[in-house]
$ cat start.cif   # mmCIF, C-alpha atoms
data_input
#
loop_
_atom_site.label_atom_id
_atom_site.label_comp_id
_atom_site.auth_asym_id
_atom_site.auth_seq_id
_atom_site.Cartn_x
_atom_site.Cartn_y
_atom_site.Cartn_z
CA MET A 81 18.90 11.75 6.04
CA GLY A 82 16.45 9.87 3.95
CA ASN A 83 15.11 13.02 2.35
CA PHE A 84 17.93 13.47 -0.12
CA LEU A 85 17.74 9.89 -1.34
CA THR A 86 14.37 10.38 -3.00
CA PRO A 87 15.43 13.06 -5.52
CA VAL A 88 18.56 11.02 -6.25
CA PHE A 89 16.43 8.05 -7.18
CA ALA A 90 14.13 10.22 -9.24
CA VAL A 91 17.08 11.44 -11.26
CA MET A 92 18.33 7.88 -11.62
CA LEU A 93 14.88 6.91 -12.85
CA GLN A 94 14.98 9.48 -15.61
CA ALA A 95 18.59 8.87 -16.57
CA ALA A 96 18.59 5.09 -16.51
CA ASP A 97 15.28 4.84 -18.29
CA GLY A 98 16.76 4.43 -21.75
CA SER A 99 13.33 4.06 -23.23
CA ARG A 100 13.39 7.65 -24.44
CA LEU A 101 16.27 6.75 -26.76
CA ALA A 102 14.37 3.74 -28.04
CA GLU A 103 11.34 5.93 -28.64
CA MET A 104 13.31 8.40 -30.67
CA LYS A 105 14.84 5.61 -32.74
CA GLU A 106 11.63 3.75 -33.50
CA GLY A 107 9.13 6.59 -33.33
CA ILE A 108 6.80 4.71 -30.93
CA ALA A 109 5.61 6.15 -27.63
CA HIS A 110 6.39 3.58 -24.97
CA PRO A 111 4.12 3.44 -21.96
CA ASP A 112 5.60 4.88 -18.80
CA LEU A 113 5.49 1.60 -16.92
CA SER A 114 8.91 1.86 -15.32
CA LYS A 115 8.12 5.13 -13.54
CA PHE A 116 5.18 3.60 -11.68
CA LEU A 117 7.10 0.44 -10.87
CA VAL A 118 10.01 2.39 -9.43
CA ILE A 119 7.68 4.46 -7.25
CA GLY A 120 6.13 1.22 -6.05
CA ALA A 121 9.53 -0.27 -5.33
CA LEU A 122 10.65 2.79 -3.37
CA LEU A 123 7.47 2.80 -1.29
CA PHE A 124 8.04 -0.90 -0.61
CA ILE A 125 11.58 -0.24 0.57
CA ILE A 126 10.46 2.60 2.83
CA GLY A 127 7.89 0.24 4.36
CA VAL A 128 10.48 -2.48 4.92
CA ALA A 129 12.83 0.03 6.56
CA GLY A 130 9.98 1.12 8.83
CA VAL A 131 9.20 -2.43 9.91
CA LEU A 132 12.84 -3.11 10.69
CA THR A 133 13.70 0.07 12.58
CA ARG A 134 10.76 1.36 14.60
CA ARG A 135 10.04 0.45 18.22
CA ASN A 136 6.39 1.40 18.32
CA ILE A 137 4.29 -1.59 17.33
CA ILE A 138 1.57 0.51 15.73
CA VAL A 139 4.06 2.27 13.46
CA ILE A 140 5.29 -1.18 12.41
CA PHE A 141 1.73 -2.04 11.39
CA MET A 142 1.50 1.19 9.42
CA SER A 143 4.71 0.34 7.57
CA ILE A 144 3.17 -3.01 6.64
CA GLU A 145 0.23 -1.10 5.15
CA LEU A 146 2.76 0.93 3.12
CA ILE A 147 4.25 -2.31 1.79
CA MET A 148 0.86 -3.62 0.68
CA ASN A 149 0.02 -0.30 -0.91
CA ALA A 150 3.23 -0.46 -2.95
CA ALA A 151 2.26 -3.93 -4.17
CA ASN A 152 -1.14 -2.54 -5.18
CA LEU A 153 0.50 0.19 -7.24
CA ASN A 154 2.58 -2.46 -8.97
CA PHE A 155 -0.47 -4.53 -9.84
CA ILE A 156 -2.41 -1.59 -11.20
CA ALA A 157 0.56 -0.40 -13.29
CA PHE A 158 0.79 -3.82 -14.90
CA SER A 159 -2.96 -3.99 -15.39
CA ARG A 160 -2.72 -0.76 -17.37
CA TYR A 161 0.24 -2.15 -19.31
CA LEU A 162 -1.86 -5.20 -20.23
CA GLN A 163 -4.55 -2.87 -21.51
CA ASP A 164 -1.98 -0.98 -23.54
CA THR A 165 -0.58 -4.09 -25.19
CA GLY A 166 -3.53 -5.96 -26.59
CA ASN A 167 -6.27 -6.94 -24.23
CA LEU A 168 -8.31 -3.73 -23.95
CA ASN A 169 -10.50 -5.19 -21.22
CA ALA A 170 -7.82 -6.60 -18.95
CA VAL A 171 -8.69 -5.86 -15.32
CA ALA A 172 -6.83 -8.75 -13.72
CA GLY A 173 -4.48 -6.47 -11.79
CA GLN A 174 -7.32 -4.36 -10.46
CA VAL A 175 -9.32 -7.40 -9.30
CA PHE A 176 -6.27 -8.65 -7.45
CA THR A 177 -5.86 -5.24 -5.85
CA VAL A 178 -9.39 -5.48 -4.46
CA PHE A 179 -8.41 -8.72 -2.77
CA ILE A 180 -5.21 -7.24 -1.39
CA ILE A 181 -7.19 -4.37 0.13
CA VAL A 182 -9.61 -6.89 1.69
CA VAL A 183 -6.77 -8.91 3.18
CA ALA A 184 -5.05 -5.76 4.44
CA ALA A 185 -8.22 -4.63 6.19
CA ALA A 186 -8.76 -8.03 7.82
CA GLU A 187 -5.14 -8.21 8.90
CA ALA A 188 -5.21 -4.69 10.34
CA ALA A 189 -8.31 -5.51 12.36
CA ILE A 190 -6.88 -8.68 13.86
CA GLY A 191 -3.41 -7.16 14.37
CA LEU A 192 -4.79 -4.18 16.21
CA GLY A 193 -6.96 -6.50 18.32
CA ILE A 194 -3.79 -8.31 19.30
CA VAL A 195 -2.15 -4.97 20.13
CA ILE A 196 -5.04 -4.05 22.39
CA ALA A 197 -4.94 -7.42 24.16
CA LEU A 198 -1.18 -7.07 24.55
CA TYR A 199 -1.50 -3.58 25.95
CA ARG A 200 -4.07 -4.78 28.47
CA ASN A 201 -1.68 -7.37 29.78
CA LYS A 202 1.69 -5.66 29.57
CA GLU A 203 0.89 -1.93 29.45
CA THR A 204 3.52 -1.35 26.77
CA ILE A 205 3.68 -0.70 23.03
CA TRP A 206 7.46 -0.86 22.61
CA ILE A 207 8.38 -4.09 20.96
CA ASP A 208 11.68 -4.54 22.72
CA GLU A 209 9.85 -4.68 26.04
CA ILE A 210 7.84 -7.70 24.88
CA ASP A 211 10.55 -10.29 25.38
CA LEU A 212 9.10 -13.09 27.50
CA LEU A 213 9.99 -15.69 24.90
CA LYS A 214 13.54 -14.43 24.45
CA TRP A 215 16.19 -16.99 25.30
CA MET B 17 0.23 4.93 -21.33
CA VAL B 18 2.47 7.85 -22.13
CA LEU B 19 2.53 10.62 -19.60
CA SER B 20 2.65 14.00 -21.26
CA GLY B 21 1.86 17.56 -20.30
CA TRP B 22 -0.48 17.86 -17.33
CA GLU B 23 -0.52 14.14 -16.69
CA ALA B 24 3.24 14.09 -16.29
CA LEU B 25 3.09 17.04 -13.88
CA PHE B 26 0.41 15.34 -11.78
CA PHE B 27 2.35 12.12 -11.81
CA TRP B 28 5.46 13.77 -10.41
CA ILE B 29 3.53 15.75 -7.81
CA PHE B 30 1.63 12.74 -6.50
CA ALA B 31 4.61 10.42 -6.75
CA PHE B 32 6.79 12.75 -4.70
CA THR B 33 4.01 13.31 -2.20
CA ALA B 34 3.51 9.58 -1.80
CA LEU B 35 7.23 8.96 -1.31
CA ILE B 36 7.83 11.82 1.10
CA ALA B 37 4.69 11.06 3.11
CA GLY B 38 5.77 7.42 3.29
CA LEU B 39 9.20 8.48 4.49
CA LEU B 40 7.72 10.75 7.13
CA THR B 41 5.41 7.95 8.28
CA VAL B 42 8.48 5.98 9.20
CA LEU B 43 10.38 8.93 10.66
CA ALA B 44 7.69 10.71 12.70
CA ARG B 45 8.01 10.67 16.47
CA ASN B 46 4.33 10.90 17.28
CA ALA B 47 2.19 7.93 16.20
CA VAL B 48 -0.73 10.17 15.30
CA HIS B 49 1.55 12.10 12.93
CA SER B 50 2.62 8.79 11.42
CA ALA B 51 -1.00 7.84 10.84
CA LEU B 52 -1.79 11.16 9.17
CA PHE B 53 1.26 10.92 6.91
CA LEU B 54 0.20 7.42 5.94
CA ILE B 55 -3.24 8.76 5.05
CA SER B 56 -1.56 11.36 2.79
CA SER B 57 0.51 8.64 1.17
CA LEU B 58 -2.55 6.46 0.56
CA VAL B 59 -4.49 9.34 -0.98
CA SER B 60 -1.53 10.20 -3.26
CA VAL B 61 -1.34 6.60 -4.39
CA ALA B 62 -5.10 6.71 -5.06
CA ALA B 63 -4.43 9.71 -7.32
CA LEU B 64 -1.77 7.65 -9.11
CA PHE B 65 -4.39 4.92 -9.58
CA ILE B 66 -6.67 7.45 -11.28
CA LEU B 67 -3.79 8.42 -13.58
CA LEU B 68 -3.46 4.75 -14.50
CA GLY B 69 -7.13 4.52 -15.37
CA ALA B 70 -8.23 2.50 -12.33
CA GLU B 71 -10.88 4.84 -10.99
CA PHE B 72 -12.82 2.21 -9.08
CA ILE B 73 -9.75 1.05 -7.19
CA ALA B 74 -8.91 4.64 -6.33
CA GLY B 75 -12.37 5.06 -4.82
CA VAL B 76 -12.11 1.77 -2.95
CA GLN B 77 -8.71 2.75 -1.62
CA ILE B 78 -9.98 6.03 -0.23
CA LEU B 79 -13.21 4.63 1.17
CA VAL B 80 -11.92 1.36 2.61
CA TYR B 81 -8.23 1.83 3.22
CA VAL B 82 -8.22 5.45 4.35
CA GLY B 83 -11.77 5.66 5.66
CA GLY B 84 -11.80 2.27 7.37
CA VAL B 85 -8.39 0.89 8.14
CA MET B 86 -6.66 4.16 8.98
CA VAL B 87 -9.55 5.31 11.17
CA LEU B 88 -9.23 1.99 13.02
CA PHE B 89 -5.52 2.69 13.43
CA LEU B 90 -6.27 6.12 14.85
CA PHE B 91 -8.76 4.67 17.32
CA VAL B 92 -6.25 2.13 18.55
CA ILE B 93 -3.51 4.77 18.78
CA MET B 94 -5.78 6.82 20.98
CA LEU B 95 -6.51 3.80 23.17
CA VAL B 96 -2.96 2.65 23.50
CA ASN B 97 -0.47 5.37 22.80
CA VAL B 98 -1.49 8.22 25.03
CA SER B 99 0.34 7.07 28.14
CA ALA B 100 3.48 6.44 26.11
CA GLU B 101 3.59 10.12 25.19
CA GLU B 102 3.57 11.10 28.81
CA ARG B 103 6.78 9.23 29.47
CA GLY B 104 8.69 12.02 27.81
CA SER B 105 11.24 11.40 25.11
CA GLU B 106 11.24 7.70 24.36
CA LEU B 107 13.56 6.24 21.79
CA ILE B 108 11.68 5.71 18.58
CA PHE B 109 14.27 3.70 16.66
CA ASN B 110 15.91 0.44 17.58
CA SER B 111 19.60 0.17 18.38
CA ARG B 112 22.12 1.97 16.19
CA ALA B 113 23.49 -1.23 14.69
CA GLN B 114 20.02 -2.33 13.63
CA VAL B 115 19.26 1.00 11.98
CA THR B 116 22.60 1.01 10.12
CA VAL B 117 22.11 -2.49 8.78
CA THR B 118 18.56 -1.61 7.73
CA LEU B 119 19.76 1.48 5.87
CA LEU B 120 22.46 -0.51 4.08
CA PHE B 121 19.99 -3.21 3.18
CA SER B 122 17.46 -0.63 1.94
CA ALA B 123 20.09 1.10 -0.18
CA LEU B 124 21.12 -2.20 -1.76
CA LEU B 125 17.49 -3.14 -2.37
CA ALA B 126 16.78 0.27 -3.87
CA PHE B 127 19.67 0.15 -6.33
CA GLY B 128 18.83 -3.44 -7.17
CA PHE B 129 15.16 -2.71 -7.75
CA VAL B 130 15.68 0.41 -9.85
CA PHE B 131 18.26 -1.30 -12.04
CA ALA B 132 16.21 -4.48 -12.43
CA ILE B 133 13.00 -2.60 -13.20
CA ASN B 134 14.57 -0.43 -15.88
CA HIS B 135 16.34 -3.39 -17.41
CA GLY B 136 13.27 -5.62 -17.31
CA VAL B 137 10.97 -2.98 -18.70
CA GLN B 138 13.32 -2.46 -21.66
CA SER B 139 12.94 -6.12 -22.62
CA LEU B 140 9.16 -5.84 -22.20
CA TYR B 141 9.08 -2.86 -24.55
CA LYS B 142 11.25 -4.69 -27.09
CA ARG B 143 8.92 -7.67 -27.03
CA ASP B 144 5.72 -5.66 -27.19
CA SER B 145 6.58 -2.65 -29.34
CA ALA B 146 4.51 -3.89 -32.28
CA LEU B 147 1.50 -4.53 -30.06
CA ILE B 148 1.77 -1.15 -28.39
CA ALA B 149 1.67 0.68 -31.69
CA GLN B 150 -1.32 -1.42 -32.80
CA VAL B 151 -3.33 -0.98 -29.64
CA ALA B 152 -2.77 2.75 -29.34
CA GLU B 153 -5.28 3.55 -32.07
CA GLN B 154 -7.78 0.99 -30.82
CA ARG B 155 -7.60 2.53 -27.37
CA GLN B 156 -8.05 5.99 -28.80
CA LYS B 157 -11.18 4.86 -30.64
CA GLN B 158 -12.51 3.16 -27.55
CA GLN B 159 -12.05 6.33 -25.53
CA GLN B 160 -13.91 8.36 -28.15
CA ASN B 161 -16.81 5.94 -28.09
CA LEU B 162 -17.44 6.37 -24.39
CA GLN B 163 -20.36 8.40 -23.22
CA VAL B 164 -19.64 11.97 -22.19
CA GLY B 165 -20.30 12.74 -18.53
CA ALA B 166 -22.96 15.11 -17.23
CA THR B 167 -20.67 18.12 -16.94
CA GLY B 168 -19.29 17.60 -20.42
CA THR B 169 -15.66 17.56 -19.34
CA THR B 170 -14.93 13.85 -18.88
CA ARG B 171 -16.14 10.55 -20.21
CA LEU B 172 -17.83 7.78 -18.24
CA THR B 173 -15.33 4.95 -18.23
CA LYS B 174 -16.28 1.30 -18.04
CA ASP B 175 -13.69 0.42 -15.44
CA THR B 176 -16.14 -0.35 -12.63
CA GLU B 177 -18.34 -2.35 -14.98
CA ARG B 178 -15.40 -4.50 -16.06
CA ILE B 179 -14.20 -5.11 -12.52
CA GLY B 180 -17.71 -5.95 -11.39
CA SER B 181 -18.33 -8.44 -14.17
CA SER B 182 -14.91 -9.97 -13.58
CA LEU B 183 -15.49 -10.31 -9.85
CA TYR B 184 -18.88 -11.91 -10.27
CA ARG B 185 -17.98 -14.22 -13.15
CA TYR B 186 -14.33 -15.21 -13.24
CA ALA B 187 -13.24 -14.34 -9.73
CA SER B 188 -16.41 -15.34 -7.92
CA LEU B 189 -14.73 -18.07 -5.86
CA PRO B 190 -12.01 -15.75 -4.48
CA PHE B 191 -14.76 -13.22 -3.86
CA GLU B 192 -16.68 -15.64 -1.67
CA ILE B 193 -13.52 -16.71 0.12
CA ALA B 194 -12.70 -13.05 0.76
CA SER B 195 -16.08 -12.55 2.39
CA LEU B 196 -15.40 -15.60 4.57
CA LEU B 197 -12.05 -14.08 5.50
CA LEU B 198 -13.77 -10.87 6.55
CA LEU B 199 -16.21 -12.85 8.69
CA VAL B 200 -13.33 -14.59 10.43
CA ALA B 201 -11.61 -11.24 10.94
CA ILE B 202 -14.71 -9.73 12.53
CA ILE B 203 -15.22 -12.62 14.92
CA GLY B 204 -11.51 -12.80 15.70
CA SER B 205 -11.10 -9.13 16.47
CA VAL B 206 -14.17 -9.09 18.73
CA MET B 207 -12.80 -12.09 20.62
CA LEU B 208 -9.29 -10.67 20.92
CA ALA B 209 -10.32 -7.31 22.26
CA ARG B 210 -12.68 -8.53 24.97
CA THR B 211 -11.97 -7.80 28.60
CA LEU B 212 -12.02 -10.51 31.24
CA LYS B 213 -15.37 -9.35 32.56
CA GLN B 214 -16.93 -9.43 29.10
CA GLU B 215 -15.71 -12.97 28.50
CA ALA B 216 -17.05 -14.08 31.87
CA ALA B 217 -20.40 -12.47 31.17
CA ALA B 218 -20.62 -14.13 27.76
CA ASP B 219 -20.21 -17.64 29.17
CA ASP B 220 -21.71 -16.86 32.52
CA VAL B 221 -18.71 -18.17 34.47
CA ASP B 222 -16.82 -16.80 37.42
CA THR B 223 -13.95 -14.43 36.51
CA GLN B 224 -11.64 -16.34 38.87
CA LEU B 225 -11.90 -19.36 36.59
CA LEU B 226 -10.79 -17.35 33.57
CA GLU B 227 -7.71 -15.74 35.08
CA SER B 228 -4.59 -17.60 33.99
CA LYS B 229 -2.45 -18.73 36.88
CA PRO B 230 1.31 -18.92 36.14
CA GLU B 231 2.71 -22.39 36.72
CA GLY B 232 5.40 -22.94 39.35
#
$ encode --input "start.cif" --output "structure tokens"
Amino acid sequence: MGNFLTPVFAVMLQAADGSRLAEMKEGIAHPDLSKFLVIGALLFIIGVAGVLTRRNIIVIFMSIELIMNAANLNFIAFSRYLQDTGNLNAVAGQVFTVFIIVVAAAEAAIGLGIVIALYRNKETIWIDEIDLLKW
Amino acid sequence: MVLSGWEALFFWIFAFTALIAGLLTVLARNAVHSALFLISSLVSVAALFILLGAEFIAGVQILVYVGGVMVLFLFVIMLVNVSAEERGSELIFNSRAQVTVTLLFSALLAFGFVFAINHGVQSLYKRDSALIAQVAEQRQKQQQNLQVGATGTTRLTKDTERIGSSLYRYASLPFEIASLLLLVAIIGSVMLARTLKQEAAADDVDTQLLESKPEG
């Protein structure tokens, strides 16, 4: 179901990326920024779909890790673009990525601690069975 | 950076692997399979980082993200998920309506993102085309001036050096705050995962006092 969407988007990427025409007109080689950004966006969307559809709470956490990873890819692609357009020593995107990885690790630790505490009390990992606060 | 030849091939291989592994993470029935697919996705994205010239971040991703966070996930899956498997075939997705709405929303987001990215990047290229041409030769020279590695096939990049000096000079305050965050995470996760007996032993109180009694 979702497996045919990915090649479709890849083809869209190539076709809609009119930068090749611009390159041929001006004779400059443009950096391939859009390819990396689109891959990041698609990973992000897969992560969001995972958070919204799965019942297993641990798989939801893993989809959140996918989302943060996609944001990392975005940052690093732009950091490289900064290096390609002037500031040869620009590492701002990479420094921010370090912080995102730190926050992701801290959040995974606490989140999984909560999952363990929850499992001890309710013996379940399916999120629709955790509905004490539901009205 | 222009992808050409081998770099373009590697980009497509790792990009497809990352996307398909991400998709299978969300679609797998078994949580351990999900975790392993996520590890594949993270490693593919680390390879994409290397293509973009961020070697240090690629190493950090594999050591910390894959080697730390995903191993933690696997431990917790083993602690928590095993009995769920024995229940037989559980539903893994939410209700049909929810899944349909999510798919619609994802499709809209995807088309929106791809269009917006291509459109936005065109304007970026238009604005920066002069700079790109200028910097290309500078970058080439800089690459040639790097030291050659021990095997003679690659050059020793200064990526780690730049990130290190940036972290310790310009980003030193966020660095310290990040270490504080990690301290809080360590203390918090130890506290959250304690059993009743361990909590009682820590404060030397009776376990009866710690058990929460429901009101009414």
$ closest_residue --input "start.cif" --among "B:Ala217, B:Leu197, B:Val87, B:Leu79" --to "chain A" --atoms "only C-alpha atoms"
B:Leu197
$ closest_residue --input "start.cif" --among "B:Val117, B:Ala132, B:Ile148, B:Val61" --to "Leu162 of chain A" --atoms "all atoms listed in the file"
B:Ile148
$ resolve_selection --input "start.cif" --expression "the PyMOL selection byres ((chain B) within 6 of (chain A))" --output "NGL selection string"
:B and (17-18 or 42 or 85 or 108-110 or 115 or 134 or 147-148 or 151 or 198 or 201 or 205 or 208-209)
$ atom_distance --input "start.cif" --atom1 "atom CA of Gly180 of chain B" --atom2 "atom CA of Ala194 of chain B"
14.9 Å
$ atom_distance --input "start.cif" --atom1 "atom CA of Ile93 of chain B" --atom2 "atom CA of Leu58 of chain B"
18.3 Å
